[in-house]
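Coordinates as given in data17.cif (mmCIF, C-alpha atoms and all ligand atoms):
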data_entry
loop_
_atom_site.label_atom_id
_atom_site.label_comp_id
_atom_site.auth_asym_id
_atom_site.auth_seq_id
_atom_site.Cartn_x
_atom_site.Cartn_y
_atom_site.Cartn_z
CA MET A 1 -17.41 -9.18 28.99
CA SER A 2 -16.24 -6.83 26.30
CA GLN A 3 -13.84 -3.99 26.86
CA THR A 4 -12.30 -1.29 24.70
CA GLN A 5 -9.65 -2.79 22.49
CA SER A 6 -9.68 -0.26 19.65
CA LEU A 7 -7.52 2.83 19.95
CA THR A 8 -8.56 4.39 16.65
CA PRO A 9 -9.77 7.90 17.58
CA ASN A 10 -13.55 8.33 17.53
CA ASN A 11 -13.25 11.13 14.98
CA VAL A 12 -11.58 8.85 12.44
CA PRO A 13 -14.16 6.74 10.61
CA ILE A 14 -12.81 4.01 8.33
CA VAL A 15 -14.69 4.82 5.15
CA LYS A 16 -15.13 2.56 2.15
CA ARG A 17 -14.86 4.70 -0.96
CA ASN A 18 -15.15 3.70 -4.58
CA PRO A 19 -13.23 6.38 -6.44
CA GLU A 20 -13.47 6.61 -10.21
CA LEU A 21 -9.95 6.22 -11.49
CA ASP A 22 -9.13 6.72 -15.12
CA ILE A 23 -5.50 5.66 -15.14
CA ALA A 24 -5.10 3.77 -18.42
CA ASP A 25 -3.47 6.62 -20.33
CA ALA A 26 -1.24 7.74 -17.50
CA LEU A 27 0.22 4.26 -17.06
CA LYS A 28 1.66 4.29 -20.58
CA GLY A 29 4.25 6.87 -19.61
CA ASP A 30 6.40 8.12 -16.75
CA TRP A 31 3.44 9.47 -14.82
CA MET A 32 5.44 10.48 -11.72
CA ASN A 33 6.90 13.90 -12.54
CA ASN A 34 8.26 12.50 -15.84
CA HIS A 35 10.78 10.73 -13.65
CA GLN A 36 11.37 7.19 -14.86
CA PHE A 37 12.86 5.76 -11.68
CA ALA A 38 10.17 7.30 -9.45
CA THR A 39 7.44 6.00 -11.76
CA THR A 40 9.03 2.56 -11.80
CA TRP A 41 9.36 2.52 -8.01
CA PHE A 42 5.67 3.26 -7.47
CA ASN A 43 4.67 0.81 -10.20
CA ALA A 44 6.77 -1.87 -8.47
CA MET A 45 5.07 -1.05 -5.14
CA SER A 46 1.71 -1.48 -6.81
CA ILE A 47 2.70 -4.97 -8.00
CA THR A 48 3.05 -6.10 -4.37
CA PHE A 49 -0.36 -4.79 -3.26
CA PRO A 50 -2.96 -7.32 -4.49
CA LEU A 51 -1.15 -10.30 -2.95
CA GLY A 52 -0.08 -8.30 0.09
CA GLU A 53 -3.51 -6.88 0.84
CA GLN A 54 -5.19 -10.29 0.53
CA PHE A 55 -2.65 -11.55 3.04
CA PHE A 56 -3.41 -8.65 5.43
CA ILE A 57 -7.15 -9.32 5.24
CA ASN A 58 -6.70 -13.04 5.91
CA SER A 59 -4.30 -12.57 8.78
CA VAL A 60 -6.65 -10.15 10.58
CA ARG A 61 -9.80 -12.13 9.78
CA HIS A 62 -8.26 -15.21 11.39
CA TYR A 63 -8.80 -13.51 14.77
CA ARG A 64 -12.39 -12.34 14.23
CA ASP A 65 -13.79 -14.58 16.97
CA ARG A 66 -11.18 -13.56 19.51
CA VAL A 67 -11.98 -9.85 19.45
CA THR A 68 -14.68 -8.78 21.91
CA ASP A 69 -14.82 -5.00 21.47
CA PRO A 70 -17.72 -4.14 19.08
CA LYS A 71 -15.86 -1.01 17.92
CA LEU A 72 -12.81 -3.03 16.93
CA GLN A 73 -15.01 -5.71 15.37
CA LYS A 74 -16.59 -3.07 13.14
CA GLU A 75 -13.18 -1.60 12.30
CA MET A 76 -12.00 -5.05 11.25
CA ARG A 77 -14.90 -5.29 8.78
CA ASP A 78 -14.17 -1.76 7.52
CA PHE A 79 -10.52 -2.70 7.16
CA TYR A 80 -11.41 -5.69 4.93
CA SER A 81 -13.65 -3.43 2.83
CA GLN A 82 -10.97 -0.82 2.28
CA GLU A 83 -8.22 -3.32 1.53
CA ALA A 84 -10.50 -5.26 -0.83
CA VAL A 85 -11.09 -2.13 -2.93
CA HIS A 86 -7.35 -1.33 -2.89
CA LEU A 87 -6.63 -4.87 -4.01
CA ARG A 88 -9.15 -4.63 -6.86
CA GLU A 89 -7.93 -1.24 -8.08
CA HIS A 90 -4.24 -2.20 -7.93
CA GLN A 91 -4.97 -5.46 -9.74
CA ARG A 92 -6.50 -3.41 -12.54
CA TYR A 93 -3.57 -0.98 -12.36
CA ASN A 94 -1.05 -3.82 -12.63
CA GLU A 95 -2.80 -5.50 -15.55
CA LEU A 96 -3.05 -2.24 -17.50
CA LEU A 97 0.55 -1.36 -16.72
CA CYS A 98 1.91 -4.70 -17.87
CA ALA A 99 -0.24 -4.77 -21.01
CA GLN A 100 0.88 -1.28 -21.99
CA ARG A 101 4.54 -1.39 -21.08
CA GLY A 102 5.26 -5.02 -21.90
CA TYR A 103 6.07 -6.18 -18.36
CA ASP A 104 5.29 -9.75 -17.35
CA LEU A 105 2.81 -9.74 -14.45
CA GLU A 106 3.24 -13.43 -13.71
CA LYS A 107 7.00 -13.05 -13.45
CA LEU A 108 6.66 -9.89 -11.39
CA GLU A 109 4.31 -11.50 -8.87
CA GLY A 110 6.03 -14.90 -8.93
CA PRO A 111 8.51 -14.59 -6.03
CA LEU A 112 5.98 -12.93 -3.70
CA ARG A 113 3.26 -15.46 -4.59
CA LYS A 114 5.64 -18.31 -3.84
CA ARG A 115 6.73 -16.85 -0.50
CA MET A 116 3.13 -16.11 0.54
CA GLY A 117 2.24 -19.72 -0.19
CA TRP A 118 5.12 -20.88 1.98
CA VAL A 119 4.23 -18.48 4.79
CA LYS A 120 0.59 -19.57 4.78
CA LYS A 121 1.60 -23.20 5.21
CA ASN A 122 4.54 -22.86 7.59
CA VAL A 123 4.19 -19.72 9.69
CA PRO A 124 1.86 -19.57 12.74
CA ALA A 125 -1.16 -17.26 12.42
CA ARG A 126 0.19 -15.06 15.22
CA GLU A 127 3.39 -14.37 13.31
CA GLN A 128 1.47 -13.73 10.10
CA LEU A 129 -0.56 -11.09 11.94
CA ALA A 130 2.66 -9.57 13.33
CA GLY A 131 3.89 -9.27 9.73
CA THR A 132 0.70 -7.45 8.79
CA VAL A 133 1.07 -5.10 11.76
CA ALA A 134 4.61 -4.27 10.63
CA VAL A 135 3.75 -3.63 6.98
CA GLU A 136 0.71 -1.57 7.97
CA HIS A 137 3.06 0.67 9.92
CA LEU A 138 5.38 0.99 6.92
CA THR A 139 2.47 1.93 4.68
CA ALA A 140 1.17 4.44 7.24
CA VAL A 141 4.60 6.12 7.42
CA LEU A 142 4.80 6.34 3.63
CA ALA A 143 1.18 7.53 3.46
CA GLU A 144 1.99 10.38 5.80
CA ARG A 145 5.02 11.24 3.71
CA ALA A 146 2.85 11.22 0.57
CA LEU A 147 0.19 13.52 2.02
CA GLY A 148 2.41 15.63 4.23
CA GLU A 149 3.63 19.17 3.81
CA ALA A 150 5.72 18.51 0.71
CA ASP A 151 2.97 16.97 -1.41
CA LEU A 152 4.83 14.10 -3.04
CA PHE A 153 2.44 13.84 -5.98
CA LYS A 154 2.39 17.54 -6.87
CA GLY A 155 3.91 16.97 -10.31
CA ALA A 156 2.33 13.59 -10.97
CA HIS A 157 -0.36 12.83 -13.55
CA PRO A 158 -3.61 13.93 -11.81
CA ALA A 159 -5.30 10.51 -12.14
CA MET A 160 -2.33 8.79 -10.55
CA ALA A 161 -2.04 11.39 -7.80
CA LYS A 162 -5.74 10.80 -7.07
CA LEU A 163 -5.25 7.04 -6.80
CA TRP A 164 -2.18 7.13 -4.57
CA LYS A 165 -3.56 9.81 -2.28
CA TRP A 166 -6.88 8.01 -1.87
CA HIS A 167 -4.98 4.85 -0.94
CA ALA A 168 -2.74 6.81 1.43
CA VAL A 169 -5.71 8.36 3.25
CA GLU A 170 -7.38 5.00 3.80
CA GLU A 171 -4.11 3.46 5.02
CA MET A 172 -4.02 6.26 7.55
CA GLU A 173 -7.61 5.72 8.65
CA HIS A 174 -7.09 2.03 9.35
CA LYS A 175 -3.47 2.23 10.48
CA SER A 176 -4.07 0.72 13.91
CA VAL A 177 -6.69 -1.95 13.18
CA ALA A 178 -4.24 -4.86 12.72
CA PHE A 179 -2.18 -3.48 15.62
CA ASP A 180 -5.17 -3.37 17.98
CA VAL A 181 -6.22 -6.89 16.99
CA TYR A 182 -2.67 -8.10 17.59
CA ARG A 183 -2.57 -6.55 21.04
CA ALA A 184 -6.11 -7.54 22.00
CA THR A 185 -5.33 -11.16 21.22
CA GLY A 186 -2.07 -11.34 23.14
CA GLY A 187 0.63 -10.59 20.54
CA THR A 188 4.07 -10.07 22.07
CA GLU A 189 6.43 -7.13 21.67
CA ILE A 190 9.36 -9.37 20.75
CA MET A 191 7.49 -10.95 17.86
CA ARG A 192 6.22 -7.56 16.68
CA ARG A 193 9.76 -6.15 16.47
CA ALA A 194 11.16 -9.23 14.77
CA ALA A 195 8.33 -9.03 12.24
CA MET A 196 9.29 -5.44 11.43
CA ARG A 197 12.91 -6.35 10.72
CA ARG A 198 11.84 -9.20 8.44
CA SER A 199 9.08 -7.24 6.72
CA THR A 200 11.32 -4.26 5.99
CA PHE A 201 13.86 -6.53 4.33
CA PHE A 202 11.28 -8.40 2.23
CA LEU A 203 9.34 -5.30 1.20
CA ILE A 204 12.51 -3.63 -0.12
CA TRP A 205 13.54 -6.91 -1.75
CA ASP A 206 10.18 -7.25 -3.52
CA ILE A 207 10.07 -3.65 -4.71
CA LEU A 208 13.66 -3.77 -5.96
CA GLY A 209 12.90 -7.04 -7.76
CA GLY A 210 10.02 -5.32 -9.55
CA VAL A 211 12.12 -2.25 -10.35
CA CYS A 212 14.85 -4.43 -11.90
CA HIS A 213 12.33 -6.36 -14.01
CA MET A 214 10.79 -3.15 -15.33
CA LEU A 215 14.07 -1.33 -15.97
CA ARG A 216 15.43 -4.40 -17.79
CA LYS A 217 12.38 -4.39 -20.05
CA ASP A 218 12.84 -0.63 -20.61
CA GLY A 219 16.53 -1.17 -21.47
CA LYS A 220 17.72 0.91 -18.51
CA LEU A 221 18.78 -1.68 -15.96
CA TRP A 222 22.50 -1.00 -16.37
CA SER A 223 22.25 2.77 -16.76
CA PRO A 224 24.33 4.48 -14.01
CA SER A 225 22.39 7.73 -14.41
CA MET A 226 19.11 5.83 -13.85
CA TRP A 227 20.38 4.45 -10.53
CA ALA A 228 21.84 7.82 -9.55
CA SER A 229 18.45 9.42 -10.11
CA GLY A 230 16.92 6.56 -8.11
CA PHE A 231 19.27 7.20 -5.23
CA SER A 232 18.32 10.86 -5.02
CA PHE A 233 14.61 10.01 -5.44
CA LEU A 234 14.88 7.77 -2.38
CA PHE A 235 17.46 9.46 -0.17
CA GLY A 236 17.95 12.97 -1.57
CA LYS A 237 16.80 16.28 -0.10
CA GLN A 238 13.30 15.83 -1.50
CA GLY A 239 13.59 12.02 -1.44
CA ILE A 240 10.57 9.94 -0.46
CA LEU A 241 12.36 8.42 2.52
CA ARG A 242 13.22 11.82 3.94
CA GLY A 243 11.88 12.17 7.47
CA THR A 244 10.69 8.58 7.67
CA TRP A 245 13.50 7.20 9.85
CA GLN A 246 12.13 8.49 13.19
CA PRO A 247 8.53 7.27 12.68
CA TYR A 248 9.96 3.95 11.48
CA LYS A 249 12.08 3.61 14.61
CA ASP A 250 9.15 4.51 16.88
CA PHE A 251 7.65 1.11 16.09
CA PHE A 252 10.41 -0.53 18.14
CA ARG A 253 9.41 1.29 21.36
CA GLU A 254 7.78 -0.82 24.05
CA ASP A 255 4.78 1.51 24.43
CA PHE A 256 4.33 2.24 20.73
CA HIS A 257 0.87 2.69 19.23
CA PRO A 258 0.20 4.00 15.68
CA TRP A 259 -2.16 6.74 16.93
CA GLN A 260 0.45 8.24 19.24
CA HIS A 261 1.24 10.02 16.04
CA GLN A 262 -1.81 12.13 15.18
CA THR A 263 -2.56 12.32 11.47
CA GLN A 264 -6.24 13.29 11.47
CA GLN A 265 -5.44 16.71 10.00
CA LEU A 266 -4.00 15.14 6.84
CA ILE A 267 -7.19 13.13 6.35
CA GLU A 268 -9.34 16.21 6.92
CA ASP A 269 -7.25 18.30 4.49
CA TRP A 270 -7.63 15.61 1.84
CA GLU A 271 -11.41 15.46 2.40
CA LEU A 272 -11.59 19.24 1.92
CA GLN A 273 -9.58 19.02 -1.32
CA GLN A 274 -12.10 16.48 -2.63
CA GLN A 275 -14.94 18.93 -2.08
CA ALA A 276 -13.11 21.86 -3.66
FE FE B 301 -4.27 -0.82 1.19
FE FE B 302 -3.56 -1.26 4.92
#

Could you spell out this file's structure in structure tokens?
Amino acid sequence: MSQTQSLTPNNVPIVKRNPELDIADALKGDWMNNHQFATTWFNAMSITFPLGEQFFINSVRHYRDRVTDPKLQKEMRDFYSQEAVHLREHQRYNELLCAQRGYDLEKLEGPLRKRMGWVKKNVPAREQLAGTVAVEHLTAVLAERALGEADLFKGAHPAMAKLWKWHAVEEMEHKSVAFDVYRATGGTEIMRRAAMRRSTFFLIWDILGGVCHMLRKDGKLWSPSMWASGFSFLFGKQGILRGTWQPYKDFFREDFHPWQHQTQQLIEDWELQQQA
């Protein structure tokens, strides 16, 4: 007998889009508000996506036969479709970026690739899915920050703003798919919380590793003013982490669900901007 396992609101379809993204020129320079640290930070995030998103798809797909709700089954397929396009576009992004700015993609991806290989072999599928649930929450929190009232990409190169906002919207649409699969298949609260602690550490570790590689190549790794500007980009008044602490902490609540926090309006506003 099947029962409702999906808690994605009925008015939030998970749409596969194929945006046209002309980012080659923008990637040559400091496309994020002419701010080198901010640009480097987002570029380093992008490096983690192709491997990360393949991992998310695999960890959810592993449970495809255990989910009985047709709505959630469809959302799982839509989730793979969205993440597969993200993966493809960020792979292209990363290759262009490295070719144009002289970064070494193999070196950049190396540590994450190695760890993923280890995780695949040694970590139970349930824990892998818990890791995906955790990172999907982190991306949803950042997506809301990116699309929220203080439009983070206001001063960014338009092609890059288009790419990051499109990705942010789709992360928001599918923000509870992995979570609902985890719950529907018996995932525990203890494992979910532990996965968040681990995932937060490794995500920051991976991004910082990428930032250091890129700044070294740009001759700015040891520049105090570069790191000072980085600190204010992350933690300052307009910093990207501003306002993210509470939604991050919510994940640790016993009764947490990603859609307790309504973000439909941000998706609708973005859709309207596309038609303008
Ligand atoms: Fe994604
Ligand atoms: Fe995602």

Report as a PDB file with C-alpha atoms, in the coordinates of the input which protein, DNA and RNA residues come within 12 Å of ligand FE 302 (chain B), using only C-alpha atoms and all ligand atoms.
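The result, stored in part-v5.pdb:
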ATOM      1  CA  ILE A  14     -12.810   4.010   8.330  1.00  0.00           C
ATOM      2  CA  PHE A  49      -0.360  -4.790  -3.260  1.00  0.00           C
ATOM      3  CA  PRO A  50      -2.960  -7.320  -4.490  1.00  0.00           C
ATOM      4  CA  GLY A  52      -0.080  -8.300   0.090  1.00  0.00           C
ATOM      5  CA  GLU A  53      -3.510  -6.880   0.840  1.00  0.00           C
ATOM      6  CA  GLN A  54      -5.190 -10.290   0.530  1.00  0.00           C
ATOM      7  CA  PHE A  55      -2.650 -11.550   3.040  1.00  0.00           C
ATOM      8  CA  PHE A  56      -3.410  -8.650   5.430  1.00  0.00           C
ATOM      9  CA  ILE A  57      -7.150  -9.320   5.240  1.00  0.00           C
ATOM     10  CA  SER A  59      -4.300 -12.570   8.780  1.00  0.00           C
ATOM     11  CA  VAL A  60      -6.650 -10.150  10.580  1.00  0.00           C
ATOM     12  CA  MET A  76     -12.000  -5.050  11.250  1.00  0.00           C
ATOM     13  CA  ASP A  78     -14.170  -1.760   7.520  1.00  0.00           C
ATOM     14  CA  PHE A  79     -10.520  -2.700   7.160  1.00  0.00           C
ATOM     15  CA  TYR A  80     -11.410  -5.690   4.930  1.00  0.00           C
ATOM     16  CA  SER A  81     -13.650  -3.430   2.830  1.00  0.00           C
ATOM     17  CA  GLN A  82     -10.970  -0.820   2.280  1.00  0.00           C
ATOM     18  CA  GLU A  83      -8.220  -3.320   1.530  1.00  0.00           C
ATOM     19  CA  ALA A  84     -10.500  -5.260  -0.830  1.00  0.00           C
ATOM     20  CA  VAL A  85     -11.090  -2.130  -2.930  1.00  0.00           C
ATOM     21  CA  HIS A  86      -7.350  -1.330  -2.890  1.00  0.00           C
ATOM     22  CA  LEU A  87      -6.630  -4.870  -4.010  1.00  0.00           C
ATOM     23  CA  GLY A 131       3.890  -9.270   9.730  1.00  0.00           C
ATOM     24  CA  THR A 132       0.700  -7.450   8.790  1.00  0.00           C
ATOM     25  CA  VAL A 133       1.070  -5.100  11.760  1.00  0.00           C
ATOM     26  CA  ALA A 134       4.610  -4.270  10.630  1.00  0.00           C
ATOM     27  CA  VAL A 135       3.750  -3.630   6.980  1.00  0.00           C
ATOM     28  CA  GLU A 136       0.710  -1.570   7.970  1.00  0.00           C
ATOM     29  CA  HIS A 137       3.060   0.670   9.920  1.00  0.00           C
ATOM     30  CA  LEU A 138       5.380   0.990   6.920  1.00  0.00           C
ATOM     31  CA  THR A 139       2.470   1.930   4.680  1.00  0.00           C
ATOM     32  CA  ALA A 140       1.170   4.440   7.240  1.00  0.00           C
ATOM     33  CA  VAL A 141       4.600   6.120   7.420  1.00  0.00           C
ATOM     34  CA  LEU A 142       4.800   6.340   3.630  1.00  0.00           C
ATOM     35  CA  ALA A 143       1.180   7.530   3.460  1.00  0.00           C
ATOM     36  CA  TRP A 166      -6.880   8.010  -1.870  1.00  0.00           C
ATOM     37  CA  HIS A 167      -4.980   4.850  -0.940  1.00  0.00           C
ATOM     38  CA  ALA A 168      -2.740   6.810   1.430  1.00  0.00           C
ATOM     39  CA  VAL A 169      -5.710   8.360   3.250  1.00  0.00           C
ATOM     40  CA  GLU A 170      -7.380   5.000   3.800  1.00  0.00           C
ATOM     41  CA  GLU A 171      -4.110   3.460   5.020  1.00  0.00           C
ATOM     42  CA  MET A 172      -4.020   6.260   7.550  1.00  0.00           C
ATOM     43  CA  GLU A 173      -7.610   5.720   8.650  1.00  0.00           C
ATOM     44  CA  HIS A 174      -7.090   2.030   9.350  1.00  0.00           C
ATOM     45  CA  LYS A 175      -3.470   2.230  10.480  1.00  0.00           C
ATOM     46  CA  SER A 176      -4.070   0.720  13.910  1.00  0.00           C
ATOM     47  CA  VAL A 177      -6.690  -1.950  13.180  1.00  0.00           C
ATOM     48  CA  ALA A 178      -4.240  -4.860  12.720  1.00  0.00           C
ATOM     49  CA  PHE A 179      -2.180  -3.480  15.620  1.00  0.00           C
TER      50      PHE A 179
END

note = One residue among A:Lys107, A:Arg64, A:Lys165, A:Lys154 is nearest to A:Asp269 when using only C-alpha atoms, and that residue is A:Lys165

Residue with smallest distance to ligand FE 301 (chain B) - pool A:Arg66, A:Gly155, A:Leu163, A:Ala99, counting only C-alpha atoms and all ligand atoms = A:Leu163

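One distance worth recording is that between atom CA of A:Ala26 and atom CA of A:Gly102, which is 15.0 Å.
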
request  = Go ahead and find all residues with at least one atom no further than 12 Å from (0.0, -11.9, 14.9) in the file's coordinates, using only C-alpha atoms; report them as a PyMOL selection string.
outcome  = chain A and resi 56+58-63+123-134+178-196
